[in-house]
Each structure stands twice: as structure tokens, then as C-alpha cells.
file upload.cif (mmCIF, C-alpha atoms and all ligand atoms)
data_upload
loop_
_atom_site.group_PDB
_atom_site.id
_atom_site.type_symbol
_atom_site.label_atom_id
_atom_site.label_comp_id
_atom_site.auth_asym_id
_atom_site.auth_seq_id
_atom_site.Cartn_x
_atom_site.Cartn_y
_atom_site.Cartn_z
ATOM 1 C CA MET A 12 -9.890 -18.564 -12.894
ATOM 2 C CA THR A 13 -11.829 -16.955 -10.040
ATOM 3 C CA LEU A 14 -11.069 -17.017 -6.322
ATOM 4 C CA SER A 15 -13.855 -19.520 -5.683
ATOM 5 C CA ASP A 16 -12.456 -21.844 -8.393
ATOM 6 C CA LEU A 17 -9.070 -21.653 -6.692
ATOM 7 C CA ALA A 18 -10.582 -22.124 -3.240
ATOM 8 C CA ASN A 19 -12.291 -25.304 -4.459
ATOM 9 C CA ARG A 20 -9.339 -26.711 -6.369
ATOM 10 C CA LEU A 21 -6.791 -26.053 -3.598
ATOM 11 C CA GLU A 22 -9.114 -26.568 -0.621
ATOM 12 C CA LEU A 23 -8.518 -23.057 0.646
ATOM 13 C CA ARG A 24 -10.482 -21.936 3.659
ATOM 14 C CA VAL A 25 -12.449 -18.728 3.106
ATOM 15 C CA HIS A 26 -12.261 -16.559 6.234
ATOM 16 C CA THR A 27 -14.350 -13.640 4.992
ATOM 17 C CA THR A 28 -18.086 -14.017 4.453
ATOM 18 C CA GLY A 29 -19.051 -10.918 2.442
ATOM 19 C CA ALA A 30 -16.064 -10.256 0.178
ATOM 20 C CA PRO A 31 -16.481 -11.177 -3.524
ATOM 21 C CA LEU A 32 -15.025 -14.505 -4.702
ATOM 22 C CA ASP A 33 -16.205 -14.262 -8.297
ATOM 23 C CA ARG A 34 -13.499 -11.862 -9.358
ATOM 24 C CA PRO A 35 -11.010 -13.306 -11.902
ATOM 25 C CA VAL A 36 -7.489 -13.702 -10.498
ATOM 26 C CA GLY A 37 -4.963 -12.086 -12.826
ATOM 27 C CA GLY A 38 -1.791 -13.562 -11.301
ATOM 28 C CA GLY A 39 -0.040 -14.038 -8.006
ATOM 29 C CA TYR A 40 2.528 -12.426 -5.760
ATOM 30 C CA ALA A 41 4.165 -13.903 -2.646
ATOM 31 C CA SER A 42 5.850 -11.712 -0.026
ATOM 32 C CA ASP A 43 5.808 -10.891 3.663
ATOM 33 C CA LEU A 44 7.194 -7.392 3.190
ATOM 34 C CA LEU A 45 4.450 -4.815 2.709
ATOM 35 C CA SER A 46 6.439 -2.279 0.704
ATOM 36 C CA ASP A 47 7.644 -5.070 -1.561
ATOM 37 C CA VAL A 48 4.012 -5.892 -2.323
ATOM 38 C CA ILE A 49 3.238 -2.197 -2.826
ATOM 39 C CA GLY A 50 6.182 -1.960 -5.220
ATOM 40 C CA HIS A 51 5.792 -5.173 -7.197
ATOM 41 C CA ALA A 52 2.344 -6.751 -6.963
ATOM 42 C CA ARG A 53 -0.085 -5.926 -9.758
ATOM 43 C CA LYS A 54 -3.776 -5.103 -9.719
ATOM 44 C CA ASP A 55 -6.026 -8.209 -9.634
ATOM 45 C CA GLU A 56 -3.260 -10.483 -8.326
ATOM 46 C CA LEU A 57 -3.674 -12.897 -5.438
ATOM 47 C CA TRP A 58 -1.300 -12.148 -2.546
ATOM 48 C CA VAL A 59 0.274 -15.036 -0.656
ATOM 49 C CA THR A 60 1.629 -14.050 2.768
ATOM 50 C CA MET A 61 2.224 -14.950 6.418
ATOM 51 C CA GLN A 62 1.305 -11.476 7.671
ATOM 52 C CA VAL A 63 -2.035 -11.368 9.486
ATOM 53 C CA HIS A 64 -2.315 -7.847 10.912
ATOM 54 C CA PRO A 65 -4.826 -5.221 9.647
ATOM 55 C CA ASN A 66 -2.340 -3.402 7.449
ATOM 56 C CA ILE A 67 -2.477 -6.215 4.868
ATOM 57 C CA VAL A 68 -6.031 -5.116 4.056
ATOM 58 C CA ALA A 69 -4.907 -1.525 3.419
ATOM 59 C CA VAL A 70 -2.201 -2.820 1.071
ATOM 60 C CA ALA A 71 -4.710 -4.994 -0.801
ATOM 61 C CA VAL A 72 -7.153 -2.072 -1.125
ATOM 62 C CA LEU A 73 -4.497 0.312 -2.399
ATOM 63 C CA LYS A 74 -3.133 -2.184 -4.921
ATOM 64 C CA GLU A 75 -6.619 -3.445 -5.897
ATOM 65 C CA LEU A 76 -5.567 -7.040 -5.314
ATOM 66 C CA ALA A 77 -8.047 -9.872 -5.887
ATOM 67 C CA GLY A 78 -7.490 -11.295 -2.412
ATOM 68 C CA ILE A 79 -5.075 -12.507 0.255
ATOM 69 C CA VAL A 80 -4.149 -16.093 1.117
ATOM 70 C CA LEU A 81 -2.628 -16.681 4.543
ATOM 71 C CA VAL A 82 -0.210 -19.604 4.520
ATOM 72 C CA GLY A 83 1.012 -21.996 7.201
ATOM 73 C CA GLY A 84 -2.402 -22.225 8.847
ATOM 74 C CA ARG A 85 -2.206 -18.653 10.091
ATOM 75 C CA LEU A 86 -5.471 -17.022 11.056
ATOM 76 C CA PRO A 87 -6.337 -13.384 10.389
ATOM 77 C CA ALA A 88 -6.349 -11.123 13.445
ATOM 78 C CA GLU A 89 -9.844 -10.076 14.526
ATOM 79 C CA GLU A 90 -9.406 -6.466 13.345
ATOM 80 C CA THR A 91 -7.961 -7.739 10.083
ATOM 81 C CA LEU A 92 -11.087 -9.738 9.392
ATOM 82 C CA ALA A 93 -13.363 -6.847 10.349
ATOM 83 C CA LYS A 94 -11.483 -4.495 8.057
ATOM 84 C CA ALA A 95 -11.464 -7.055 5.229
ATOM 85 C CA GLU A 96 -15.263 -7.435 5.434
ATOM 86 C CA GLN A 97 -15.662 -3.670 5.447
ATOM 87 C CA GLU A 98 -13.338 -3.141 2.471
ATOM 88 C CA LYS A 99 -14.592 -6.277 0.672
ATOM 89 C CA ILE A 100 -11.146 -7.861 0.442
ATOM 90 C CA PRO A 101 -11.387 -11.676 0.462
ATOM 91 C CA ILE A 102 -9.080 -13.421 2.948
ATOM 92 C CA LEU A 103 -8.419 -17.113 2.460
ATOM 93 C CA GLY A 104 -6.163 -19.571 4.253
ATOM 94 C CA THR A 105 -4.269 -22.808 3.817
ATOM 95 C CA PRO A 106 -2.101 -25.074 5.973
ATOM 96 C CA LEU A 107 0.384 -25.188 3.053
ATOM 97 C CA GLY A 108 3.562 -23.111 3.130
ATOM 98 C CA THR A 109 4.324 -20.298 0.677
ATOM 99 C CA PHE A 110 6.472 -22.382 -1.669
ATOM 100 C CA GLU A 111 3.993 -25.227 -1.945
ATOM 101 C CA LEU A 112 0.959 -22.974 -2.422
ATOM 102 C CA ALA A 113 2.740 -20.843 -5.032
ATOM 103 C CA GLY A 114 3.656 -24.016 -6.929
ATOM 104 C CA ARG A 115 0.103 -25.273 -6.929
ATOM 105 C CA LEU A 116 -1.253 -21.884 -7.999
ATOM 106 C CA TYR A 117 1.267 -21.767 -10.811
ATOM 107 C CA ALA A 118 0.250 -25.236 -11.962
ATOM 108 C CA LEU A 119 -3.317 -23.914 -12.236
ATOM 109 C CA GLY A 120 -2.169 -21.064 -14.457
ATOM 110 C CA ILE A 121 -1.806 -18.321 -11.832
ATOM 111 C CA LYS A 122 1.535 -16.761 -12.696
ATOM 112 C CA GLY A 123 3.697 -13.866 -11.567
ATOM 113 C CA SER A 124 4.047 -10.747 -13.691
ATOM 114 C CA MET B 22 -16.346 15.767 -10.949
ATOM 115 C CA ALA B 23 -13.249 17.792 -11.857
ATOM 116 C CA THR B 24 -13.749 20.393 -14.554
ATOM 117 C CA ALA B 25 -11.068 22.212 -16.497
ATOM 118 C CA GLU B 26 -10.972 25.071 -13.983
ATOM 119 C CA SER B 27 -11.567 23.323 -10.714
ATOM 120 C CA VAL B 28 -8.781 22.747 -8.244
ATOM 121 C CA TYR B 29 -9.408 20.614 -5.215
ATOM 122 C CA HIS B 30 -7.401 21.088 -2.042
ATOM 123 C CA ARG B 31 -7.534 19.301 1.254
ATOM 124 C CA GLU B 32 -5.255 18.695 4.228
ATOM 125 C CA PHE B 33 -5.080 15.562 6.330
ATOM 126 C CA PRO B 34 -3.421 15.268 9.724
ATOM 127 C CA VAL B 35 -1.249 12.167 10.246
ATOM 128 C CA ARG B 36 -0.264 11.170 13.742
ATOM 129 C CA GLY B 37 2.980 9.303 14.484
ATOM 130 C CA GLY B 38 2.783 6.023 16.401
ATOM 131 C CA ASP B 39 -0.885 5.560 15.521
ATOM 132 C CA PHE B 40 -0.542 2.010 14.116
ATOM 133 C CA ALA B 41 -4.228 1.191 14.574
ATOM 134 C CA LYS B 42 -5.183 3.733 11.934
ATOM 135 C CA ALA B 43 -2.225 3.033 9.664
ATOM 136 C CA GLY B 44 -3.107 3.393 6.006
ATOM 137 C CA SER B 45 -6.435 5.102 6.614
ATOM 138 C CA VAL B 46 -5.387 8.468 5.181
ATOM 139 C CA ALA B 47 -4.100 6.784 2.015
ATOM 140 C CA CYS B 48 -7.348 4.820 1.653
ATOM 141 C CA GLU B 49 -9.396 7.991 2.145
ATOM 142 C CA ILE B 50 -7.347 9.836 -0.473
ATOM 143 C CA LYS B 51 -7.801 6.950 -2.883
ATOM 144 C CA GLU B 52 -11.612 7.030 -2.494
ATOM 145 C CA LEU B 53 -11.622 10.780 -2.906
ATOM 146 C CA LEU B 54 -9.601 10.712 -6.136
ATOM 147 C CA LYS B 55 -11.775 7.941 -7.502
ATOM 148 C CA ASP B 56 -14.861 10.065 -6.790
ATOM 149 C CA LEU B 57 -13.239 13.006 -8.576
ATOM 150 C CA GLY B 58 -13.152 10.783 -11.661
ATOM 151 C CA LEU B 59 -9.392 10.797 -12.199
ATOM 152 C CA ALA B 60 -7.569 8.167 -14.296
ATOM 153 C CA PRO B 61 -7.337 4.861 -12.375
ATOM 154 C CA ALA B 62 -3.557 4.542 -12.832
ATOM 155 C CA ALA B 63 -2.997 8.047 -11.447
ATOM 156 C CA VAL B 64 -5.299 7.248 -8.526
ATOM 157 C CA ARG B 65 -3.325 4.100 -7.713
ATOM 158 C CA ARG B 66 0.017 5.877 -7.960
ATOM 159 C CA THR B 67 -1.133 8.689 -5.675
ATOM 160 C CA ALA B 68 -2.536 6.170 -3.196
ATOM 161 C CA ILE B 69 0.800 4.344 -3.087
ATOM 162 C CA VAL B 70 2.702 7.581 -2.485
ATOM 163 C CA ALA B 71 0.250 8.577 0.251
ATOM 164 C CA TYR B 72 0.476 5.141 1.887
ATOM 165 C CA GLU B 73 4.277 4.968 2.007
ATOM 166 C CA ALA B 74 4.520 8.551 3.262
ATOM 167 C CA GLU B 75 1.820 7.940 5.867
ATOM 168 C CA MET B 76 3.586 4.779 7.084
ATOM 169 C CA ASN B 77 6.886 6.622 7.411
ATOM 170 C CA VAL B 78 5.239 9.328 9.514
ATOM 171 C CA ILE B 79 3.601 6.670 11.685
ATOM 172 C CA MET B 80 6.874 4.776 12.156
ATOM 173 C CA TYR B 81 9.459 7.532 12.371
ATOM 174 C CA ALA B 82 7.920 10.965 12.859
ATOM 175 C CA ARG B 83 5.771 12.654 15.489
ATOM 176 C CA GLU B 84 3.125 14.116 13.293
ATOM 177 C CA ALA B 85 2.580 15.467 9.832
ATOM 178 C CA LYS B 86 0.280 17.385 7.605
ATOM 179 C CA MET B 87 -0.486 15.735 4.291
ATOM 180 C CA ALA B 88 -1.772 18.173 1.695
ATOM 181 C CA LEU B 89 -3.529 17.056 -1.470
ATOM 182 C CA THR B 90 -4.066 19.382 -4.408
ATOM 183 C CA VAL B 91 -5.844 18.157 -7.507
ATOM 184 C CA SER B 92 -6.309 19.746 -10.877
ATOM 185 C CA PRO B 93 -7.377 17.800 -13.977
ATOM 186 C CA GLU B 94 -3.770 17.402 -15.154
ATOM 187 C CA VAL B 95 -1.806 17.218 -11.929
ATOM 188 C CA ILE B 96 -2.092 15.686 -8.487
ATOM 189 C CA ARG B 97 0.242 17.109 -5.872
ATOM 190 C CA LEU B 98 0.947 15.617 -2.465
ATOM 191 C CA THR B 99 3.106 17.313 0.136
ATOM 192 C CA ILE B 100 3.883 15.679 3.454
ATOM 193 C CA ASP B 101 5.399 17.903 6.083
ATOM 194 C CA ASP B 102 6.387 16.210 9.341
ATOM 195 C CA SER B 103 7.830 17.411 12.620
ATOM 196 C CA GLY B 104 9.838 14.228 13.166
ATOM 197 C CA PRO B 105 13.549 13.703 13.830
ATOM 198 C CA GLY B 106 14.621 14.330 10.222
ATOM 199 C CA ILE B 107 16.844 12.106 8.084
ATOM 200 C CA PRO B 108 20.617 12.448 8.605
ATOM 201 C CA ASP B 109 21.597 11.001 5.210
ATOM 202 C CA VAL B 110 18.842 11.408 2.632
ATOM 203 C CA GLU B 111 20.759 9.662 -0.150
ATOM 204 C CA LEU B 112 21.234 6.605 2.047
ATOM 205 C CA ALA B 113 17.570 6.647 3.099
ATOM 206 C CA MET B 114 16.581 6.694 -0.587
ATOM 207 C CA THR B 115 18.626 3.537 -1.243
ATOM 208 C CA GLU B 116 16.459 0.479 -1.754
ATOM 209 C CA GLY B 117 16.915 -1.908 1.172
ATOM 210 C CA TYR B 118 18.114 0.690 3.689
ATOM 211 C CA SER B 119 15.933 0.797 6.793
ATOM 212 C CA THR B 120 16.155 1.733 10.453
ATOM 213 C CA ALA B 121 12.895 -0.094 11.274
ATOM 214 C CA THR B 122 12.845 -1.811 14.670
ATOM 215 C CA ALA B 123 12.554 -5.580 15.142
ATOM 216 C CA GLU B 124 8.850 -5.225 15.994
ATOM 217 C CA MET B 125 8.188 -3.213 12.840
ATOM 218 C CA ARG B 126 10.019 -5.815 10.739
ATOM 219 C CA GLU B 127 7.972 -8.603 12.244
ATOM 220 C CA LEU B 128 4.872 -6.832 10.937
ATOM 221 C CA GLY B 129 6.356 -6.691 7.452
ATOM 222 C CA PHE B 130 7.653 -3.123 7.550
ATOM 223 C CA GLY B 131 11.297 -2.254 6.984
ATOM 224 C CA ALA B 132 11.931 -3.540 3.458
ATOM 225 C CA GLY B 133 13.569 -0.175 2.843
ATOM 226 C CA MET B 134 11.362 0.281 -0.202
ATOM 227 C CA GLY B 135 8.949 2.998 0.905
ATOM 228 C CA LEU B 136 10.878 6.043 -0.311
ATOM 229 C CA PRO B 137 11.987 4.240 -3.520
ATOM 230 C CA ASN B 138 8.322 3.299 -4.146
ATOM 231 C CA ILE B 139 7.330 6.956 -3.730
ATOM 232 C CA LYS B 140 9.981 8.084 -6.178
ATOM 233 C CA LYS B 141 9.084 5.374 -8.690
ATOM 234 C CA ASN B 142 5.426 6.431 -8.731
ATOM 235 C CA ALA B 143 6.121 10.165 -8.929
ATOM 236 C CA ASP B 144 6.518 12.269 -12.049
ATOM 237 C CA GLU B 145 8.270 14.859 -9.897
ATOM 238 C CA PHE B 146 9.799 14.135 -6.514
ATOM 239 C CA ALA B 147 11.589 16.295 -3.956
ATOM 240 C CA ILE B 148 12.675 15.458 -0.423
ATOM 241 C CA ASP B 149 13.965 17.969 2.042
ATOM 242 C CA SER B 150 14.981 16.932 5.527
ATOM 243 C CA GLU B 151 16.692 18.557 8.468
ATOM 244 C CA VAL B 152 17.759 16.695 11.595
ATOM 245 C CA GLY B 153 15.821 18.014 14.572
ATOM 246 C CA ARG B 154 13.261 19.815 12.379
ATOM 247 C CA GLY B 155 11.534 17.267 10.186
ATOM 248 C CA THR B 156 11.072 16.009 6.682
ATOM 249 C CA ARG B 157 9.120 17.346 3.740
ATOM 250 C CA LEU B 158 8.161 15.381 0.651
ATOM 251 C CA ASP B 159 6.793 17.085 -2.428
ATOM 252 C CA VAL B 160 5.365 14.784 -5.070
ATOM 253 C CA VAL B 161 3.679 15.513 -8.378
ATOM 254 C CA ILE B 162 1.726 12.903 -10.303
ATOM 255 C CA ARG B 163 0.461 13.739 -13.754
ATOM 256 C CA THR B 164 -2.938 12.263 -14.439
ATOM 257 C CA ASN B 165 -1.782 11.181 -17.916
ATOM 258 C CA GLY B 166 1.606 9.959 -16.633
ATOM 259 C CA HIS B 167 3.102 6.767 -18.042
ATOM 260 C CA VAL B 168 4.320 4.943 -14.919
ATOM 261 C CA THR B 169 2.362 1.718 -14.245
ATOM 262 C CA PRO B 170 1.642 1.188 -10.574
HETATM 263 N N1 LIG C 1 9.469 10.859 7.735
HETATM 264 C C1 LIG C 1 10.633 10.327 8.151
HETATM 265 N N2 LIG C 1 11.245 10.801 9.266
HETATM 266 C C2 LIG C 1 12.422 10.269 9.693
HETATM 267 N N3 LIG C 1 13.056 9.260 9.079
HETATM 268 C C3 LIG C 1 12.495 8.748 7.964
HETATM 269 C C4 LIG C 1 11.259 9.234 7.453
HETATM 270 N N4 LIG C 1 10.964 8.547 6.331
HETATM 271 C C5 LIG C 1 11.960 7.657 6.156
HETATM 272 N N5 LIG C 1 12.889 7.767 7.135
HETATM 273 C C6 LIG C 1 14.156 7.000 7.237
HETATM 274 O O1 LIG C 1 14.469 6.475 5.955
HETATM 275 C C7 LIG C 1 14.555 5.053 5.992
HETATM 276 C C8 LIG C 1 14.058 4.470 4.678
HETATM 277 O O2 LIG C 1 12.662 4.727 4.520
HETATM 278 P P1 LIG C 1 11.791 3.784 3.573
HETATM 279 O O3 LIG C 1 10.378 4.209 3.647
HETATM 280 O O4 LIG C 1 12.432 3.746 2.216
HETATM 281 O O5 LIG C 1 11.982 2.347 4.200
HETATM 282 P P2 LIG C 1 11.384 1.779 5.592
HETATM 283 O O6 LIG C 1 10.300 2.665 6.075
HETATM 284 O O7 LIG C 1 12.536 1.582 6.514
HETATM 285 O O8 LIG C 1 10.806 0.378 5.154
HETATM 286 P P3 LIG C 1 9.489 0.124 4.256
HETATM 287 O O9 LIG C 1 8.986 1.452 3.805
HETATM 288 O O10 LIG C 1 9.955 -0.719 3.118
HETATM 289 O O11 LIG C 1 8.519 -0.582 5.160
HETATM 290 C C9 LIG C 1 13.735 4.650 7.212
HETATM 291 O O12 LIG C 1 14.122 3.393 7.725
HETATM 292 C C10 LIG C 1 14.038 5.802 8.175
HETATM 293 O O13 LIG C 1 15.306 5.620 8.783
HETATM 294 MG MG MG C 2 8.755 3.257 4.758
#
call {"tool": "encode", "arguments": {"input": "upload.cif", "output": "C-alpha cells"}}
result
Amino acid sequence: MTLSDLANRLELRVHTTGAPLDRPVGGGYASDLLSDVIGHARKDELWVTMQVHPNIVAVAVLKELAGIVLVGGRLPAEETLAKAEQEKIPILGTPLGTFELAGRLYALGIKGS
Amino acid sequence: MATAESVYHREFPVRGGDFAKAGSVACEIKELLKDLGLAPAAVRRTAIVAYEAEMNVIMYAREAKMALTVSPEVIRLTIDDSGPGIPDVELAMTEGYSTATAEMRELGFGAGMGLPNIKKNADEFAIDSEVGRGTRLDVVIRTNGHVTP
């Protein structure tokens, strides 16, 4: 399943305009602690988080994640969005909380590793 | 492109407290290693080590010099800072231990996993710290290493 499939199925809002949504999503990881994501997320996974500051983009670049979904209706900070466009990291959003979104992703076959 | 004889060396300054640029040295190193044509897993592991070390300098130390040396078999990163030093290195290496401030934690730092992440991704790891002088990390990553990042 690609990011755009997931965005359609789960009515996710796509905040970035230039970042690729056609990349297959290899799994998911949910955490608000950056070093936890660095330590445990896997390449090509979708990251579910409440963090909105620019450092999330650096983490996604370094781990080669498929994208970031901001939960609870949180919006990316302005610099976060600018950096995400520059680094081509898709940032999406949902009003759902972490637990609910993770459950729906799982039901669509997006699992943890 | 790295050849059998070539050794690449470069030094990067890292400035403490510079949160706006946080992670930029690690991202630059990652691009550089990719361009050198090194194995993707080794590139990712080195980038993770560089990121966690850079973040620790930004959060806890005044400034540092990050040195990158690359040969076809081995990537070496040394990070030498002039920060406050670590009073109990063994404790600092324990997963979950952190002295991060409330503001840092709000931003998602302070899991106490940075140094453990560095060690996990290293084939060789040494840490040397003196209170009042600073901290030095010496990390070796073999380009054919087996650790999955
Ligand atoms: N360069 C350094 N100078 C001084 N103290 C350091 C340095 N690096 C780490 N420390 C100390 O070691 C502790 C553990 O570091 P570690 O990177 O494992 O976790 P953290 O930085 O607290 O949280 P995280 O990396 O998960 O965001 C830090 O909280 C800090 O007290
Ligand atoms: Mg740290």
C-alpha cells in the first residue's frame, strides 16, 4: 500500500505538496521520543507522532522513513514543513489519536516490525 | 567514488545550543557517504551515530569537532567536545537514563537512548569523558558489518 492509498482510505490530510506519496509503506512505528524512533523504526515505515518541530524531518531522513503522520489534529510548524518539502519527506495529518490511527493502519495491513 | 587506496577525511564543527540546525551535520554526512558509494546499511548506521552524537553536543556540550574518516572497509567517527563531561559514564550509557530538561523532553528528546543507539550501531565503540574537560566518542563502523539499522 502506498501513502496516497492510505491517505485516501483513512482521510489523512496531506500537508506537503512536493514530497512523494507513491512510495510503498513497509510498516508503521508510533512514538513521540526521537531516539526511540532512531533506535526502533525501520526504513520505509510510516511514523505516527505528536511531535511537530523540524527535528522530526531529520529523523525521517536519517531513517529513510516513508513519511510522518501527525495525530490529534496537530499541524506541522512552519520550518518543519519547509524542511519536509526540501528533503522530500511527506507529512500527513489526522484528527485521530495515536491509538486509533495505529489500529486503522494495522487493519489495512500496515504492521510493526 | 572510493577506490581501494582512497581515504576520505573531513571535519565538521558542531555548536552547542544551536537547535535550529540540529541534525544538519548528520544529514550532510549521510549525503556524503551515499555519494561515496558506500553500502546503504553502513551509511544509515553512521548517520544514526552522527545524529545522536550531534544532538548530545547540541543539548549538553558547548561545542565539538566531529571527524569523519572513510576507507572502503571502515568508517570512523570521532566526536570531541569541550562540554561539562559526564560524571558517571556507565550510568549515562544505561538505556533510559537522561538529564534532559523539561523543555527538551517536550520536544521528544530525553529518552535516554542516544548513547545506547550509538553503541548498538557501532562495530567498535569507545567513550572517554572527564568532568570539566569534555567528552570524546570514537566509533568504528565496518562497511560490511552485520548490524541492521
Ligand atoms: N556530550 C555530552 N556531554 C555531557 N553530557 C552528556 C553528553 N552526552 C550525553 N551526556 C549525558 O548522558 C545522558 C544520556 O545520554 P543519551 O544520549 O543516552 O540520552 P539523552 O540525550 O538524555 O536522551 P536521547 O538521546 O534519548 O534524546 C544525557 O542525559 C547527559 O546527561
Ligand atoms: Mg542523546
call {"tool": "atom_distance", "arguments": {"input": "upload.cif", "atom1": "CA of Glu49 (chain B)", "atom2": "CA of Asp43 (chain A)"}}
result
24.3 Å
call {"tool": "closest_atom_pairs", "arguments": {"input": "upload.cif", "of": "chain B", "to": "chain A", "cutoff": "6 Å", "atoms": "only C-alpha atoms", "output": "JSON lines"}}
result
{"residue": "B:Gly44", "atom": "CA", "partner": "A:Ala69", "partner_atom": "CA", "distance": 5.8}
{"residue": "B:Gly129", "atom": "CA", "partner": "A:Leu44", "partner_atom": "CA", "distance": 4.4}
{"residue": "B:Met134", "atom": "CA", "partner": "A:Ser46", "partner_atom": "CA", "distance": 5.6}
{"residue": "B:Gly135", "atom": "CA", "partner": "A:Ser46", "partner_atom": "CA", "distance": 5.8}
{"residue": "B:Asn138", "atom": "CA", "partner": "A:Gly50", "partner_atom": "CA", "distance": 5.8}
call {"tool": "residues_near_ligand", "arguments": {"input": "upload.cif", "ligand": "ligand MG 2 (chain C)", "cutoff": "6 Å", "atoms": "only C-alpha atoms and all ligand atoms", "output": "mmCIF file with C-alpha atoms, keeping the file's coordinate frame"}}
result
data_model
loop_
_atom_site.group_PDB
_atom_site.id
_atom_site.type_symbol
_atom_site.label_atom_id
_atom_site.label_comp_id
_atom_site.auth_asym_id
_atom_site.auth_seq_id
_atom_site.Cartn_x
_atom_site.Cartn_y
_atom_site.Cartn_z
ATOM 1 C CA GLU B 73 4.277 4.968 2.007
ATOM 2 C CA MET B 76 3.586 4.779 7.084
ATOM 3 C CA ASN B 77 6.886 6.622 7.411
ATOM 4 C CA GLY B 135 8.949 2.998 0.905
#
call {"tool": "residues_near_ligand", "arguments": {"input": "upload.cif", "ligand": "ligand LIG 1 (chain C)", "cutoff": "6 Å", "atoms": "all atoms listed in the file", "output": "ChimeraX atom specification"}}
result
/A:46 /B:77-78,81-82,104-107,113-114,118-121,130-137,156
call {"tool": "residues_around", "arguments": {"input": "upload.cif", "residues": "Arg66 (chain B)", "least_positions_apart": "2", "cutoff": "8 Å", "atoms": "all atoms listed in the file", "output": "VMD selection string"}}
result
chain B and resid 62 to 64 68 to 70 142 to 143 162 169 to 170
call {"tool": "atom_distance", "arguments": {"input": "upload.cif", "atom1": "CA of Val36 (chain A)", "atom2": "CA of Ala47 (chain B)"}}
result
24.2 Å
call {"tool": "atom_distance", "arguments": {"input": "upload.cif", "atom1": "CA of Arg65 (chain B)", "atom2": "CA of Gly39 (chain A)"}}
result
18.4 Å
call {"tool": "closest_residue", "arguments": {"input": "upload.cif", "among": "B:Thr90, B:Thr67, B:Asn165, B:Ser103", "to": "Val35 (chain B)", "atoms": "only C-alpha atoms"}}
result
B:Ser103
call {"tool": "resolve_selection", "arguments": {"input": "upload.cif", "expression": "the PyMOL selection byres (((chain B and resi 96) around 12) and not hetatm)", "output": "count of residues only"}}
result
42
call {"tool": "build_atoms", "arguments": {"input": "upload.cif", "residues": "region 91-97 of chain B", "atoms": "all heavy atoms", "output": "mmCIF file, keeping the file's coordinate frame"}}
result
data_model
loop_
_atom_site.group_PDB
_atom_site.id
_atom_site.type_symbol
_atom_site.label_atom_id
_atom_site.label_comp_id
_atom_site.auth_asym_id
_atom_site.auth_seq_id
_atom_site.Cartn_x
_atom_site.Cartn_y
_atom_site.Cartn_z
ATOM 1 N N VAL B 91 -5.499 18.867 -6.276
ATOM 2 C CA VAL B 91 -5.844 18.157 -7.507
ATOM 3 C C VAL B 91 -6.350 19.132 -8.557
ATOM 4 O O VAL B 91 -7.261 19.913 -8.302
ATOM 5 C CB VAL B 91 -6.962 17.117 -7.247
ATOM 6 C CG1 VAL B 91 -7.263 16.337 -8.510
ATOM 7 C CG2 VAL B 91 -6.582 16.185 -6.116
ATOM 8 N N SER B 92 -5.737 19.088 -9.707
ATOM 9 C CA SER B 92 -6.309 19.746 -10.877
ATOM 10 C C SER B 92 -6.464 18.640 -11.925
ATOM 11 O O SER B 92 -5.966 17.550 -11.734
ATOM 12 C CB SER B 92 -5.381 20.863 -11.368
ATOM 13 O OG SER B 92 -4.249 20.306 -11.988
ATOM 14 N N PRO B 93 -7.157 18.897 -13.024
ATOM 15 C CA PRO B 93 -7.377 17.800 -13.977
ATOM 16 C C PRO B 93 -6.083 17.163 -14.499
ATOM 17 O O PRO B 93 -6.051 15.990 -14.805
ATOM 18 C CB PRO B 93 -8.159 18.474 -15.105
ATOM 19 C CG PRO B 93 -8.862 19.612 -14.443
ATOM 20 C CD PRO B 93 -7.922 20.101 -13.383
ATOM 21 N N GLU B 94 -5.013 17.950 -14.587
ATOM 22 C CA GLU B 94 -3.770 17.402 -15.154
ATOM 23 C C GLU B 94 -2.817 16.880 -14.092
ATOM 24 O O GLU B 94 -2.001 16.003 -14.375
ATOM 25 C CB GLU B 94 -3.018 18.461 -15.976
ATOM 26 C CG GLU B 94 -3.749 18.985 -17.199
ATOM 27 C CD GLU B 94 -4.766 20.046 -16.823
ATOM 28 O OE1 GLU B 94 -4.540 20.762 -15.825
ATOM 29 O OE2 GLU B 94 -5.809 20.134 -17.499
ATOM 30 N N VAL B 95 -2.871 17.454 -12.900
ATOM 31 C CA VAL B 95 -1.806 17.218 -11.929
ATOM 32 C C VAL B 95 -2.346 16.955 -10.525
ATOM 33 O O VAL B 95 -3.227 17.665 -10.049
ATOM 34 C CB VAL B 95 -0.852 18.450 -11.890
ATOM 35 C CG1 VAL B 95 0.069 18.377 -10.696
ATOM 36 C CG2 VAL B 95 -0.039 18.542 -13.172
ATOM 37 N N ILE B 96 -1.805 15.936 -9.895
ATOM 38 C CA ILE B 96 -2.092 15.686 -8.487
ATOM 39 C C ILE B 96 -0.812 15.992 -7.722
ATOM 40 O O ILE B 96 0.261 15.514 -8.095
ATOM 41 C CB ILE B 96 -2.489 14.217 -8.245
ATOM 42 C CG1 ILE B 96 -3.687 13.833 -9.116
ATOM 43 C CG2 ILE B 96 -2.791 13.967 -6.771
ATOM 44 C CD1 ILE B 96 -3.938 12.335 -9.169
ATOM 45 N N ARG B 97 -0.949 16.793 -6.661
ATOM 46 C CA ARG B 97 0.242 17.109 -5.872
ATOM 47 C C ARG B 97 0.006 16.708 -4.425
ATOM 48 O O ARG B 97 -1.032 16.992 -3.843
ATOM 49 C CB ARG B 97 0.513 18.609 -5.975
ATOM 50 C CG ARG B 97 1.689 19.029 -5.130
ATOM 51 C CD ARG B 97 1.997 20.494 -5.301
ATOM 52 N NE ARG B 97 3.429 20.678 -5.337
ATOM 53 C CZ ARG B 97 4.081 21.330 -6.267
ATOM 54 N NH1 ARG B 97 3.438 21.886 -7.265
ATOM 55 N NH2 ARG B 97 5.384 21.437 -6.203
#
